[in-house]
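S.K.: Can you read through this structure? Questions will come right after.
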Amino acid sequence: MSLSNVLRPSASMTMQCNNAGARRCRALASCSGLHPRLLAMPSSRRSQNSTRQVTSMAGHGKFFVGGNWKCNGTKESVTKLINDLNAADVPEDIDIIVAPTFIHLEQVQSGLKKPYQLSAQNCWVGRGGAFTGEISAEQLHDIGVPWVIVGHSERRMFMEETNDFVGHKAAYALSQDLSVIACIGETLSQRQANQLEEVLTKQLTAIGDNIADWDNVVIAYEPVWAIGTGKVATPEQAQEVHAFIRQWFTDKVGVEVAEAMRIIYGGSVNDQNAGELARKPDLDGFLVGGASLKGKTFAKICSSGAKTAAKVLAKA
């Protein structure tokens with residue numbers, strides 16, 4: 001069944017960042033903290049230099065589950081969520097990352113036990129300074145936060161972050177020894193207009209033009225029309241897009257990077273659909289939104305997804 005027969009676009013799904021260019025150009029121009037190698041290197045050279053072997057990355061096949069708490073939580077609710085996660089039985093051999101709000105990072109860092117890791121939901125595009133309300137990659141590194149999410153569709157939409165801005169942000173975060181969860185995805189109107197591959201290619205290229213290697217990057221494919229809507233891409237739809245993304249890496253970056261890259265899915269993932277989604281060979285995990293605010297549910301997603309993926313790998 002065609003998606004166009006199931007879903008109807010809302011105004012929020014089709015918002016475009018029409019005024020983003022000038023504003024973001026001013027921000028980039030004023031930001032003296034961009035990695036000097038990136039500023040000096042033409043985009044064509046950056047693309048060529050991004051083709052290299054990956055040796056240190058955990059690699060395609062090791063399951064990855066991220067929990068994006070978004071703008072949610074109080075001290076009391078976060079304490080309960082920490083306790084629920086600590087009490088849950090989750091696999092030790094997968095990467096599990098949680099991303100609370102900035103003001104709860106220290107609380108989660110001090111209370112959450114292994115195997116959970118910590119991520120910020122965003123960071124500034126360059127070195128800190130006179131950028132009111134922003135958090136720099138250096139500051140995150142300084143307090144021991146190892147991961148950061150960049151390019152989430154809600155920031156692209158509501159904060160008017162362009163592809164180029166996201167690419168620079170990913171590069172700077174990596175230069176400050178943070179690992180990056182880079183989000184890409186199309187709106188419903190773009191999918192219905194058969195622009196999915198064009199949109200994803202532009203988003204991936206903007207990142208690839210700005211980074212030297214992909215060792216510490218995880219790609220999160222999140223169809224915008226499925227985020228927080230209860231609508232989920234079918235496993236077949238998700239696999240098709242993930243396979244396209246992996247092929248992009250093969251063609252533009254290299255076979256080794258393509259095989260090592262973890263490509264995770266986000267968009268109304270829950271404990272009921274995680275197992276079925278994880279059966280697909282190019283889905284290496286999830287970026288979970290609302291369901292990550294429920295400790296027991298999030299733990300079930302981690303466990304069911306990892307168990308299913310392990311079975312798929314064993315049969316391969």
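Ligands are numbered from 1 in the order shown, residues from 1 within each chain, and chains are lettered A, B, ... in the order they appear in the structure tokens.
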Could you pull out the helix (DSSP H, G or I) residues of range 253-286 of chain A from DSSP and send them as a PyMOL selection string?

M.R.: chain A and resi 255-260+274-278

S.K.: Which polymer residues have any atom within 8 Å of an atom of range 184-189 of chain A, counting only C-alpha atoms, with same-chain residues fewer than 2 positions away left out, as a ChimeraX atom specification?

M.R.: /A:9,13-14,151-153,182,191-193,196,199-200,203-204,219-225

S.K.: Would you give me, as a VMD selection string, the residues in range 26-264 of chain A that DSSP reads as strand (DSSP E or B)?

M.R.: chain A and resid 64 to 68 95 to 99 116 to 120 147 to 150 179 to 184 217 to 221 263 to 264

S.K.: Can you tell me which residues surround Ile143 in chain A at a distance of at most 10 Å, considering only C-alpha atoms, apart from same-chain residues fewer than 2 positions away, and format the answer as a list in words?

M.R.: Leu105, Glu106, Gln109, Glu138, Gln139, Leu140, His141, Val145 and Pro146 of chain A

S.K.: Which neighbours of range 76-84 of chain A fall inside 12 Å, counting only C-alpha atoms, when residues of the same chain fewer than 6 positions from it are skipped, and could you give them as a ChimeraX atom specification?

M.R.: /A:67,69,90,98-101,103-114,116,291-300
